[in-house]
$ cat input-v6.txt   # compact mmCIF, N, CA and C atoms and all ligand atoms
# COMPACT_ATOMS: atom_id res chain seq x y z
N MET A 1 -103.45 -72.32 -102.12
CA MET A 1 -104.41 -73.38 -101.84
C MET A 1 -103.66 -74.67 -101.48
N ALA A 2 -104.17 -75.38 -100.53
CA ALA A 2 -103.49 -76.58 -100.07
C ALA A 2 -103.53 -77.66 -101.14
N GLY A 3 -102.41 -78.37 -101.30
CA GLY A 3 -102.37 -79.43 -102.29
C GLY A 3 -103.00 -80.70 -101.75
N SER A 4 -103.10 -81.72 -102.62
CA SER A 4 -103.71 -82.97 -102.19
C SER A 4 -102.68 -83.94 -101.64
N THR A 5 -101.40 -83.57 -101.75
CA THR A 5 -100.36 -84.39 -101.13
C THR A 5 -99.46 -83.50 -100.29
N TYR A 6 -98.80 -84.14 -99.33
CA TYR A 6 -97.83 -83.44 -98.50
C TYR A 6 -96.59 -84.31 -98.46
N MET A 7 -95.49 -83.82 -99.01
CA MET A 7 -94.25 -84.60 -99.11
C MET A 7 -94.51 -85.97 -99.75
N GLY A 8 -95.36 -85.98 -100.75
CA GLY A 8 -95.66 -87.22 -101.46
C GLY A 8 -96.70 -88.10 -100.79
N ILE A 9 -97.18 -87.68 -99.63
CA ILE A 9 -98.18 -88.47 -98.88
C ILE A 9 -99.56 -87.89 -99.15
N PRO A 10 -100.55 -88.72 -99.48
CA PRO A 10 -101.90 -88.17 -99.67
C PRO A 10 -102.33 -87.39 -98.41
N ARG A 11 -102.73 -86.16 -98.60
CA ARG A 11 -103.05 -85.29 -97.45
C ARG A 11 -104.13 -85.90 -96.56
N LYS A 12 -105.05 -86.61 -97.15
CA LYS A 12 -106.16 -87.14 -96.35
C LYS A 12 -105.74 -88.27 -95.40
N LEU A 13 -104.50 -88.75 -95.56
CA LEU A 13 -104.00 -89.76 -94.62
C LEU A 13 -103.35 -89.13 -93.40
N ILE A 14 -103.18 -87.82 -93.43
CA ILE A 14 -102.48 -87.13 -92.34
C ILE A 14 -103.51 -86.48 -91.41
N PRO A 15 -103.61 -87.00 -90.19
CA PRO A 15 -104.66 -86.53 -89.28
C PRO A 15 -104.28 -85.23 -88.59
N TRP A 16 -104.24 -84.15 -89.35
CA TRP A 16 -103.89 -82.84 -88.78
C TRP A 16 -104.89 -81.79 -89.24
N HIS A 17 -105.67 -81.31 -88.32
CA HIS A 17 -106.61 -80.21 -88.58
C HIS A 17 -107.24 -79.81 -87.25
N PRO A 18 -107.81 -78.63 -87.19
CA PRO A 18 -108.45 -78.22 -85.93
C PRO A 18 -109.76 -78.96 -85.70
N SER A 19 -110.12 -79.03 -84.43
CA SER A 19 -111.46 -79.49 -84.04
C SER A 19 -112.07 -78.38 -83.19
N ILE A 20 -113.38 -78.26 -83.26
CA ILE A 20 -114.08 -77.22 -82.49
C ILE A 20 -115.02 -77.88 -81.50
N ASP A 21 -114.86 -77.52 -80.24
CA ASP A 21 -115.82 -77.95 -79.21
C ASP A 21 -117.04 -77.03 -79.32
N GLN A 22 -118.09 -77.58 -79.85
CA GLN A 22 -119.28 -76.77 -80.13
C GLN A 22 -119.91 -76.21 -78.86
N ASP A 23 -119.64 -76.85 -77.71
CA ASP A 23 -120.19 -76.32 -76.45
C ASP A 23 -119.44 -75.08 -75.98
N LEU A 24 -118.18 -74.94 -76.42
CA LEU A 24 -117.38 -73.78 -75.99
C LEU A 24 -117.37 -72.66 -77.02
N CYS A 25 -117.68 -72.99 -78.26
CA CYS A 25 -117.62 -71.99 -79.34
C CYS A 25 -118.74 -70.96 -79.18
N THR A 26 -118.36 -69.69 -79.23
CA THR A 26 -119.34 -68.60 -79.11
C THR A 26 -119.76 -68.06 -80.48
N GLY A 27 -119.11 -68.58 -81.54
CA GLY A 27 -119.42 -68.08 -82.88
C GLY A 27 -118.84 -66.71 -83.15
N CYS A 28 -117.73 -66.39 -82.50
CA CYS A 28 -117.13 -65.05 -82.66
C CYS A 28 -116.52 -64.85 -84.05
N SER A 29 -116.25 -65.93 -84.77
CA SER A 29 -115.71 -65.89 -86.15
C SER A 29 -114.22 -65.59 -86.23
N ALA A 30 -113.54 -65.47 -85.11
CA ALA A 30 -112.12 -65.12 -85.15
C ALA A 30 -111.32 -66.16 -85.94
N CYS A 31 -111.58 -67.42 -85.74
CA CYS A 31 -110.84 -68.47 -86.47
C CYS A 31 -111.17 -68.39 -87.96
N PHE A 32 -112.42 -68.22 -88.27
CA PHE A 32 -112.87 -68.11 -89.66
C PHE A 32 -112.20 -66.94 -90.36
N ASN A 33 -112.12 -65.81 -89.68
CA ASN A 33 -111.51 -64.62 -90.28
C ASN A 33 -109.99 -64.72 -90.38
N PHE A 34 -109.38 -65.48 -89.51
CA PHE A 34 -107.93 -65.57 -89.45
C PHE A 34 -107.36 -66.50 -90.53
N CYS A 35 -107.95 -67.65 -90.72
CA CYS A 35 -107.38 -68.66 -91.62
C CYS A 35 -107.63 -68.31 -93.08
N ARG A 36 -106.56 -68.37 -93.87
CA ARG A 36 -106.66 -68.03 -95.30
C ARG A 36 -106.89 -69.26 -96.17
N HIS A 37 -107.08 -70.40 -95.56
CA HIS A 37 -107.13 -71.64 -96.34
C HIS A 37 -108.53 -72.27 -96.39
N ASN A 38 -109.51 -71.51 -96.03
CA ASN A 38 -110.91 -71.97 -96.11
C ASN A 38 -111.15 -73.25 -95.32
N VAL A 39 -110.45 -73.37 -94.21
CA VAL A 39 -110.66 -74.54 -93.35
C VAL A 39 -112.00 -74.41 -92.61
N TYR A 40 -112.30 -73.18 -92.22
CA TYR A 40 -113.50 -72.95 -91.40
C TYR A 40 -114.67 -72.44 -92.24
N GLY A 41 -115.85 -72.78 -91.75
CA GLY A 41 -117.08 -72.20 -92.28
C GLY A 41 -117.89 -71.70 -91.11
N GLN A 42 -119.01 -71.08 -91.40
CA GLN A 42 -119.83 -70.54 -90.33
C GLN A 42 -121.24 -71.09 -90.40
N ARG A 43 -121.74 -71.43 -89.21
CA ARG A 43 -123.15 -71.78 -89.09
C ARG A 43 -123.82 -70.63 -88.37
N GLU A 44 -125.05 -70.82 -88.04
CA GLU A 44 -125.80 -69.72 -87.43
C GLU A 44 -125.13 -69.20 -86.15
N LYS A 45 -124.73 -70.14 -85.27
CA LYS A 45 -124.21 -69.70 -83.97
C LYS A 45 -122.78 -70.13 -83.67
N THR A 46 -122.19 -70.89 -84.54
CA THR A 46 -120.81 -71.37 -84.29
C THR A 46 -120.03 -71.42 -85.59
N SER A 47 -118.70 -71.57 -85.44
CA SER A 47 -117.88 -71.90 -86.61
C SER A 47 -117.80 -73.42 -86.71
N VAL A 48 -117.50 -73.91 -87.90
CA VAL A 48 -117.35 -75.35 -88.12
C VAL A 48 -116.14 -75.58 -89.02
N VAL A 49 -115.57 -76.75 -88.93
CA VAL A 49 -114.45 -77.12 -89.80
C VAL A 49 -115.05 -77.75 -91.05
N VAL A 50 -114.93 -77.07 -92.18
CA VAL A 50 -115.56 -77.55 -93.41
C VAL A 50 -114.56 -78.20 -94.38
N ASN A 51 -113.31 -77.77 -94.32
CA ASN A 51 -112.28 -78.33 -95.21
C ASN A 51 -111.05 -78.72 -94.38
N PRO A 52 -111.16 -79.79 -93.59
CA PRO A 52 -110.07 -80.11 -92.65
C PRO A 52 -108.74 -80.33 -93.33
N TYR A 53 -108.76 -80.89 -94.55
CA TYR A 53 -107.49 -81.23 -95.18
C TYR A 53 -106.89 -80.06 -95.97
N ASN A 54 -107.53 -78.91 -95.87
CA ASN A 54 -106.88 -77.68 -96.35
C ASN A 54 -105.93 -77.12 -95.30
N CYS A 55 -106.03 -77.62 -94.08
CA CYS A 55 -105.18 -77.12 -92.99
C CYS A 55 -103.72 -77.48 -93.29
N ILE A 56 -102.85 -76.51 -93.10
CA ILE A 56 -101.42 -76.72 -93.35
C ILE A 56 -100.86 -77.66 -92.27
N VAL A 57 -100.22 -78.71 -92.71
CA VAL A 57 -99.70 -79.72 -91.77
C VAL A 57 -98.72 -79.06 -90.80
N GLY A 58 -99.00 -79.19 -89.51
CA GLY A 58 -98.13 -78.64 -88.47
C GLY A 58 -98.49 -77.22 -88.04
N CYS A 59 -99.35 -76.55 -88.79
CA CYS A 59 -99.77 -75.18 -88.43
C CYS A 59 -100.81 -75.26 -87.31
N SER A 60 -100.69 -74.37 -86.34
CA SER A 60 -101.75 -74.26 -85.32
C SER A 60 -101.91 -72.79 -84.94
N SER A 61 -101.62 -71.91 -85.89
CA SER A 61 -101.56 -70.48 -85.57
C SER A 61 -102.92 -69.88 -85.24
N CYS A 62 -104.01 -70.51 -85.65
CA CYS A 62 -105.32 -69.95 -85.29
C CYS A 62 -105.71 -70.23 -83.84
N LEU A 63 -104.99 -71.14 -83.22
CA LEU A 63 -105.31 -71.53 -81.84
C LEU A 63 -105.39 -70.31 -80.92
N LYS A 64 -104.46 -69.40 -81.09
CA LYS A 64 -104.39 -68.23 -80.20
C LYS A 64 -105.54 -67.26 -80.44
N GLU A 65 -106.22 -67.41 -81.55
CA GLU A 65 -107.34 -66.50 -81.85
C GLU A 65 -108.58 -66.83 -81.02
N CYS A 66 -108.65 -68.06 -80.56
CA CYS A 66 -109.85 -68.49 -79.84
C CYS A 66 -109.72 -68.18 -78.35
N LYS A 67 -110.59 -67.35 -77.86
CA LYS A 67 -110.51 -66.91 -76.46
C LYS A 67 -111.27 -67.83 -75.52
N THR A 68 -111.96 -68.82 -76.05
CA THR A 68 -112.75 -69.70 -75.17
C THR A 68 -112.21 -71.13 -75.14
N ASP A 69 -111.02 -71.33 -75.73
CA ASP A 69 -110.40 -72.67 -75.77
C ASP A 69 -111.28 -73.70 -76.47
N ALA A 70 -112.04 -73.25 -77.43
CA ALA A 70 -112.90 -74.19 -78.17
C ALA A 70 -112.12 -74.95 -79.24
N LEU A 71 -110.96 -74.41 -79.64
CA LEU A 71 -110.16 -75.05 -80.69
C LEU A 71 -109.15 -76.01 -80.10
N SER A 72 -108.92 -77.10 -80.80
CA SER A 72 -107.84 -78.02 -80.39
C SER A 72 -107.23 -78.66 -81.63
N PHE A 73 -106.00 -79.11 -81.46
CA PHE A 73 -105.27 -79.82 -82.52
C PHE A 73 -104.72 -81.12 -81.95
N PRO A 74 -104.39 -82.08 -82.81
CA PRO A 74 -103.76 -83.30 -82.32
C PRO A 74 -102.40 -83.01 -81.69
N ASP A 75 -101.86 -83.99 -81.02
CA ASP A 75 -100.53 -83.88 -80.40
C ASP A 75 -99.47 -83.80 -81.51
N ILE A 76 -98.64 -82.73 -81.49
CA ILE A 76 -97.64 -82.53 -82.54
C ILE A 76 -96.60 -83.65 -82.54
N ARG A 77 -96.31 -84.25 -81.38
CA ARG A 77 -95.33 -85.35 -81.34
C ARG A 77 -95.90 -86.59 -82.03
N LYS A 78 -97.18 -86.80 -81.84
CA LYS A 78 -97.85 -87.92 -82.50
C LYS A 78 -97.83 -87.70 -84.02
N LEU A 79 -98.04 -86.44 -84.43
CA LEU A 79 -98.00 -86.12 -85.85
C LEU A 79 -96.63 -86.50 -86.43
N ALA A 80 -95.56 -86.16 -85.72
CA ALA A 80 -94.21 -86.46 -86.20
C ALA A 80 -94.04 -87.97 -86.39
N GLU A 81 -94.54 -88.75 -85.45
CA GLU A 81 -94.44 -90.22 -85.56
C GLU A 81 -95.21 -90.72 -86.78
N ILE A 82 -96.41 -90.21 -86.94
CA ILE A 82 -97.25 -90.64 -88.07
C ILE A 82 -96.58 -90.27 -89.39
N LEU A 83 -96.01 -89.06 -89.46
CA LEU A 83 -95.36 -88.62 -90.70
C LEU A 83 -94.14 -89.49 -91.01
N ASN A 84 -93.39 -89.85 -89.99
CA ASN A 84 -92.24 -90.73 -90.21
C ASN A 84 -92.67 -92.05 -90.82
N ASP A 85 -93.72 -92.64 -90.25
CA ASP A 85 -94.23 -93.93 -90.76
C ASP A 85 -94.72 -93.78 -92.20
N LEU A 86 -95.48 -92.72 -92.45
CA LEU A 86 -96.04 -92.53 -93.79
C LEU A 86 -94.94 -92.26 -94.82
N ARG A 87 -93.92 -91.51 -94.41
CA ARG A 87 -92.81 -91.23 -95.34
C ARG A 87 -92.13 -92.53 -95.75
N GLU A 88 -91.92 -93.41 -94.78
CA GLU A 88 -91.30 -94.70 -95.09
C GLU A 88 -92.17 -95.47 -96.07
N LYS A 89 -93.44 -95.51 -95.79
CA LYS A 89 -94.38 -96.26 -96.62
C LYS A 89 -94.39 -95.70 -98.05
N TYR A 90 -94.46 -94.39 -98.19
CA TYR A 90 -94.59 -93.81 -99.53
C TYR A 90 -93.26 -93.75 -100.26
N LYS A 91 -92.15 -93.82 -99.51
CA LYS A 91 -90.84 -93.93 -100.14
C LYS A 91 -90.74 -95.28 -100.85
N LYS A 92 -91.26 -96.32 -100.13
CA LYS A 92 -91.18 -97.67 -100.67
C LYS A 92 -92.07 -97.86 -101.89
N THR A 93 -93.22 -97.20 -101.90
CA THR A 93 -94.15 -97.43 -103.00
C THR A 93 -93.91 -96.50 -104.18
N SER A 94 -93.03 -95.49 -104.02
CA SER A 94 -92.83 -94.56 -105.13
C SER A 94 -91.72 -95.03 -106.06
S1 LIG A 101 -112.41 -68.49 -82.44
FE1 LIG A 101 -113.20 -70.05 -81.02
S2 LIG A 101 -115.11 -69.21 -80.21
FE2 LIG A 101 -114.57 -68.00 -82.03
S3 LIG A 101 -115.71 -69.01 -83.70
FE3 LIG A 101 -113.62 -69.93 -83.65
S4 LIG A 101 -113.85 -71.76 -82.34
FE4 LIG A 101 -115.65 -70.46 -81.99
S1 LIG A 102 -103.82 -74.14 -88.31
FE1 LIG A 102 -103.29 -72.65 -89.89
S2 LIG A 102 -104.02 -73.56 -91.82
FE2 LIG A 102 -104.94 -74.72 -90.14
S3 LIG A 102 -106.92 -73.84 -89.78
FE3 LIG A 102 -105.53 -72.75 -88.41
S4 LIG A 102 -104.70 -70.99 -89.52
FE4 LIG A 102 -105.73 -72.36 -90.98
$ encode --input "input-v6.txt" --output "C-alpha cells"
Amino acid sequence: MAGSTYMGIPRKLIPWHPSIDQDLCTGCSACFNFCRHNVYGQREKTSVVVNPYNCIVGCSSCLKECKTDALSFPDIRKLAEILNDLREKYKKTS
C-alpha cells in the first residue's frame, strides 16, 4: 500500500497520477484490472481515478494497457524538477 510520504515529502504535494479522458474511455477496465494500488475505480461506463495519491511516483506502467489513449500522466521531466525543489524544502525543515 502506498505510504503518505515519498522520500520524506508528503505524497499529496507530488502531482503524479493518471488522468482519464472520459470522452476516450470505453470502460474496458484494463487499467482497473492492471493496477494493484487501488488507484482506479469503476463507474457504469468508464473507469475513474479514485485514489490518485496511491499511484507510485514515477510509475506509468498502466499507460500501455489503454488502447484508446484515454490515459495520461504529467511530464516526467517536470516531475523531476518538482521533486528536486520539494527535496530541498523538506531537507531544510526536517
Ligand atoms: S484502459 Fe483506457 S479505455 Fe480502458 S477503462 Fe482504462 S482509461 Fe478507460
Ligand atoms: S502508474 Fe502504476 S501505480 Fe500508478 S495507476 Fe498506473 S499501474 Fe497503478
$ atom_distance --input "input-v6.txt" --atom1 "atom N of Leu79 (chain A)" --atom2 "CA of Pro52 (chain A)"
15.9 Å
$ atom_distance --input "input-v6.txt" --atom1 "CA of Tyr6 (chain A)" --atom2 "CA of Leu86 (chain A)"
10.4 Å
$ closest_residue --input "input-v6.txt" --among "A:Thr26, A:Cys35, A:His17, A:Lys92" --to "Gly58 (chain A)" --atoms "all atoms listed in the file"
A:His17
$ select_by_dssp --input "input-v6.txt" --residues "chain A" --states "alpha helix (DSSP H)" --output "ChimeraX atom specification"
/A:30-34,76-93
$ residues_around --input "input-v6.txt" --residues "region 36-46 of chain A" --least-positions-apart "6" --cutoff "8 Å" --atoms "only N, CA and C atoms" --output "PDB file with N, CA and C atoms, in the frame of the given file"
ATOM      1  N   MET A   1    -103.450 -72.320-102.120  1.00  0.00           N
ATOM      2  CA  MET A   1    -104.410 -73.380-101.840  1.00  0.00           C
ATOM      3  C   MET A   1    -103.660 -74.670-101.480  1.00  0.00           C
ATOM      4  N   ALA A   2    -104.170 -75.380-100.530  1.00  0.00           N
ATOM      5  CA  ALA A   2    -103.490 -76.580-100.070  1.00  0.00           C
ATOM      6  C   ALA A   2    -103.530 -77.660-101.140  1.00  0.00           C
ATOM      7  N   PRO A  18    -107.810 -78.630 -87.190  1.00  0.00           N
ATOM      8  CA  PRO A  18    -108.450 -78.220 -85.930  1.00  0.00           C
ATOM      9  C   PRO A  18    -109.760 -78.960 -85.700  1.00  0.00           C
ATOM     10  N   GLN A  22    -118.090 -77.580 -79.850  1.00  0.00           N
ATOM     11  CA  GLN A  22    -119.280 -76.770 -80.130  1.00  0.00           C
ATOM     12  C   GLN A  22    -119.910 -76.210 -78.860  1.00  0.00           C
ATOM     13  N   CYS A  25    -117.680 -72.990 -78.260  1.00  0.00           N
ATOM     14  CA  CYS A  25    -117.620 -71.990 -79.340  1.00  0.00           C
ATOM     15  C   CYS A  25    -118.740 -70.960 -79.180  1.00  0.00           C
ATOM     16  N   THR A  26    -118.360 -69.690 -79.230  1.00  0.00           N
ATOM     17  CA  THR A  26    -119.340 -68.600 -79.110  1.00  0.00           C
ATOM     18  C   THR A  26    -119.760 -68.060 -80.480  1.00  0.00           C
ATOM     19  N   GLY A  27    -119.110 -68.580 -81.540  1.00  0.00           N
ATOM     20  CA  GLY A  27    -119.420 -68.080 -82.880  1.00  0.00           C
ATOM     21  C   GLY A  27    -118.840 -66.710 -83.150  1.00  0.00           C
ATOM     22  N   CYS A  28    -117.730 -66.390 -82.500  1.00  0.00           N
ATOM     23  CA  CYS A  28    -117.130 -65.050 -82.660  1.00  0.00           C
ATOM     24  C   CYS A  28    -116.520 -64.850 -84.050  1.00  0.00           C
ATOM     25  N   SER A  29    -116.250 -65.930 -84.770  1.00  0.00           N
ATOM     26  CA  SER A  29    -115.710 -65.890 -86.150  1.00  0.00           C
ATOM     27  C   SER A  29    -114.220 -65.590 -86.230  1.00  0.00           C
ATOM     28  N   PRO A  52    -111.160 -79.790 -93.590  1.00  0.00           N
ATOM     29  CA  PRO A  52    -110.070 -80.110 -92.650  1.00  0.00           C
ATOM     30  C   PRO A  52    -108.740 -80.330 -93.330  1.00  0.00           C
ATOM     31  N   TYR A  53    -108.760 -80.890 -94.550  1.00  0.00           N
ATOM     32  CA  TYR A  53    -107.490 -81.230 -95.180  1.00  0.00           C
ATOM     33  C   TYR A  53    -106.890 -80.060 -95.970  1.00  0.00           C
ATOM     34  N   ASN A  54    -107.530 -78.910 -95.870  1.00  0.00           N
ATOM     35  CA  ASN A  54    -106.880 -77.680 -96.350  1.00  0.00           C
ATOM     36  C   ASN A  54    -105.930 -77.120 -95.300  1.00  0.00           C
ATOM     37  N   CYS A  55    -106.030 -77.620 -94.080  1.00  0.00           N
ATOM     38  CA  CYS A  55    -105.180 -77.120 -92.990  1.00  0.00           C
ATOM     39  C   CYS A  55    -103.720 -77.480 -93.290  1.00  0.00           C
ATOM     40  N   ILE A  56    -102.850 -76.510 -93.100  1.00  0.00           N
ATOM     41  CA  ILE A  56    -101.420 -76.720 -93.350  1.00  0.00           C
ATOM     42  C   ILE A  56    -100.860 -77.660 -92.270  1.00  0.00           C
TER      43      ILE A  56
END
$ axis_aligned_box --input "input-v6.txt" --around "ligand LIG 102 (chain A)" --padding-each-side "3 Å" --output "JSON"
{"center_x": -105.1, "center_y": -72.9, "center_z": -90.1, "size_x": 9.6, "size_y": 9.7, "size_z": 9.5}
$ select_by_dssp --input "input-v6.txt" --residues "chain A" --states "strand (DSSP E or B)" --output "number ranges by chain"
A: 5-6, 9-10, 19-20, 40-42, 47-49, 71-72
$ closest_residue --input "input-v6.txt" --among "A:Ile14, A:Val48, A:Ala30, A:Leu63" --to "ligand LIG 102 (chain A)" --atoms "all atoms listed in the file"
A:Leu63
$ residues_around --input "input-v6.txt" --residues "Ile82 (chain A)" --least-positions-apart "5" --cutoff "8 Å" --atoms "all atoms listed in the file" --output "VMD selection string"
chain A and resid 13 to 15 76 to 77 87 to 88
$ closest_residue --input "input-v6.txt" --among "A:Ser19, A:Ser4, A:Cys62, A:Val57" --to "Pro74 (chain A)" --atoms "all atoms listed in the file"
A:Ser19
$ closest_residue --input "input-v6.txt" --among "A:Asp23, A:Lys12, A:Phe32, A:Phe73" --to "ligand LIG 101 (chain A)" --atoms "only N, CA and C atoms and all ligand atoms"
A:Phe32
$ atom_distance --input "input-v6.txt" --atom1 "atom C of Val50 (chain A)" --atom2 "atom C of Leu83 (chain A)"
23.6 Å
$ closest_residue --input "input-v6.txt" --among "A:Phe34, A:Tyr90, A:Lys78, A:Arg11" --to "Ser61 (chain A)" --atoms "only C-alpha atoms"
A:Phe34
$ closest_residue --input "input-v6.txt" --among "A:Ala80, A:Met7, A:Cys59, A:Leu71" --to "ligand LIG 101 (chain A)" --atoms "all atoms listed in the file"
A:Leu71
$ build_atoms --input "input-v6.txt" --residues "region 69-78 of chain A" --atoms "all heavy atoms" --output "mmCIF file, in the coordinates of the input"
data_model
loop_
_atom_site.group_PDB
_atom_site.id
_atom_site.type_symbol
_atom_site.label_atom_id
_atom_site.label_comp_id
_atom_site.auth_asym_id
_atom_site.auth_seq_id
_atom_site.Cartn_x
_atom_site.Cartn_y
_atom_site.Cartn_z
ATOM 1 N N ASP A 69 -111.020 -71.330 -75.730
ATOM 2 C CA ASP A 69 -110.400 -72.670 -75.770
ATOM 3 C C ASP A 69 -111.280 -73.700 -76.470
ATOM 4 O O ASP A 69 -111.261 -74.879 -76.122
ATOM 5 C CB ASP A 69 -110.043 -73.161 -74.357
ATOM 6 C CG ASP A 69 -108.901 -72.372 -73.759
ATOM 7 O OD1 ASP A 69 -108.066 -71.857 -74.531
ATOM 8 O OD2 ASP A 69 -108.847 -72.250 -72.518
ATOM 9 N N ALA A 70 -112.040 -73.250 -77.430
ATOM 10 C CA ALA A 70 -112.900 -74.190 -78.170
ATOM 11 C C ALA A 70 -112.120 -74.950 -79.240
ATOM 12 O O ALA A 70 -112.559 -76.007 -79.689
ATOM 13 C CB ALA A 70 -114.050 -73.429 -78.826
ATOM 14 N N LEU A 71 -110.960 -74.410 -79.640
ATOM 15 C CA LEU A 71 -110.160 -75.050 -80.690
ATOM 16 C C LEU A 71 -109.150 -76.010 -80.100
ATOM 17 O O LEU A 71 -108.556 -75.741 -79.050
ATOM 18 C CB LEU A 71 -109.396 -74.005 -81.497
ATOM 19 C CG LEU A 71 -110.201 -73.093 -82.411
ATOM 20 C CD1 LEU A 71 -109.258 -72.098 -83.091
ATOM 21 C CD2 LEU A 71 -110.944 -73.909 -83.444
ATOM 22 N N SER A 72 -108.920 -77.100 -80.800
ATOM 23 C CA SER A 72 -107.840 -78.020 -80.390
ATOM 24 C C SER A 72 -107.230 -78.660 -81.630
ATOM 25 O O SER A 72 -107.861 -78.717 -82.695
ATOM 26 C CB SER A 72 -108.365 -79.088 -79.431
ATOM 27 O OG SER A 72 -109.353 -79.868 -80.073
ATOM 28 N N PHE A 73 -106.000 -79.110 -81.460
ATOM 29 C CA PHE A 73 -105.270 -79.820 -82.520
ATOM 30 C C PHE A 73 -104.720 -81.120 -81.950
ATOM 31 O O PHE A 73 -104.555 -81.241 -80.732
ATOM 32 C CB PHE A 73 -104.093 -78.959 -83.020
ATOM 33 C CG PHE A 73 -104.518 -77.854 -83.935
ATOM 34 C CD1 PHE A 73 -104.972 -76.656 -83.406
ATOM 35 C CD2 PHE A 73 -104.498 -78.013 -85.303
ATOM 36 C CE1 PHE A 73 -105.395 -75.637 -84.237
ATOM 37 C CE2 PHE A 73 -104.920 -76.998 -86.143
ATOM 38 C CZ PHE A 73 -105.360 -75.809 -85.615
ATOM 39 N N PRO A 74 -104.390 -82.080 -82.810
ATOM 40 C CA PRO A 74 -103.760 -83.300 -82.320
ATOM 41 C C PRO A 74 -102.400 -83.010 -81.690
ATOM 42 O O PRO A 74 -101.856 -81.914 -81.846
ATOM 43 C CB PRO A 74 -103.589 -84.149 -83.595
ATOM 44 C CG PRO A 74 -104.514 -83.555 -84.594
ATOM 45 C CD PRO A 74 -104.609 -82.096 -84.261
ATOM 46 N N ASP A 75 -101.860 -83.990 -81.020
ATOM 47 C CA ASP A 75 -100.530 -83.880 -80.400
ATOM 48 C C ASP A 75 -99.470 -83.800 -81.510
ATOM 49 O O ASP A 75 -99.399 -84.680 -82.379
ATOM 50 C CB ASP A 75 -100.314 -85.132 -79.544
ATOM 51 C CG ASP A 75 -99.017 -85.076 -78.759
ATOM 52 O OD1 ASP A 75 -98.057 -84.418 -79.203
ATOM 53 O OD2 ASP A 75 -98.970 -85.717 -77.699
ATOM 54 N N ILE A 76 -98.640 -82.730 -81.490
ATOM 55 C CA ILE A 76 -97.640 -82.530 -82.540
ATOM 56 C C ILE A 76 -96.600 -83.650 -82.540
ATOM 57 O O ILE A 76 -96.067 -84.010 -83.593
ATOM 58 C CB ILE A 76 -96.976 -81.136 -82.393
ATOM 59 C CG1 ILE A 76 -96.146 -80.784 -83.630
ATOM 60 C CG2 ILE A 76 -96.117 -81.043 -81.148
ATOM 61 C CD1 ILE A 76 -96.884 -80.108 -84.713
ATOM 62 N N ARG A 77 -96.310 -84.250 -81.380
ATOM 63 C CA ARG A 77 -95.330 -85.350 -81.340
ATOM 64 C C ARG A 77 -95.900 -86.590 -82.030
ATOM 65 O O ARG A 77 -95.218 -87.328 -82.713
ATOM 66 C CB ARG A 77 -94.941 -85.685 -79.898
ATOM 67 C CG ARG A 77 -94.071 -84.589 -79.272
ATOM 68 C CD ARG A 77 -94.076 -84.690 -77.788
ATOM 69 N NE ARG A 77 -95.440 -84.559 -77.279
ATOM 70 C CZ ARG A 77 -95.789 -84.536 -76.006
ATOM 71 N NH1 ARG A 77 -94.880 -84.659 -75.073
ATOM 72 N NH2 ARG A 77 -97.044 -84.404 -75.647
ATOM 73 N N LYS A 78 -97.180 -86.800 -81.840
ATOM 74 C CA LYS A 78 -97.850 -87.920 -82.500
ATOM 75 C C LYS A 78 -97.830 -87.700 -84.020
ATOM 76 O O LYS A 78 -97.631 -88.643 -84.794
ATOM 77 C CB LYS A 78 -99.284 -88.020 -81.976
ATOM 78 C CG LYS A 78 -100.028 -89.222 -82.452
ATOM 79 C CD LYS A 78 -99.575 -90.471 -81.741
ATOM 80 C CE LYS A 78 -100.256 -91.704 -82.327
ATOM 81 N NZ LYS A 78 -99.510 -92.918 -82.061
#
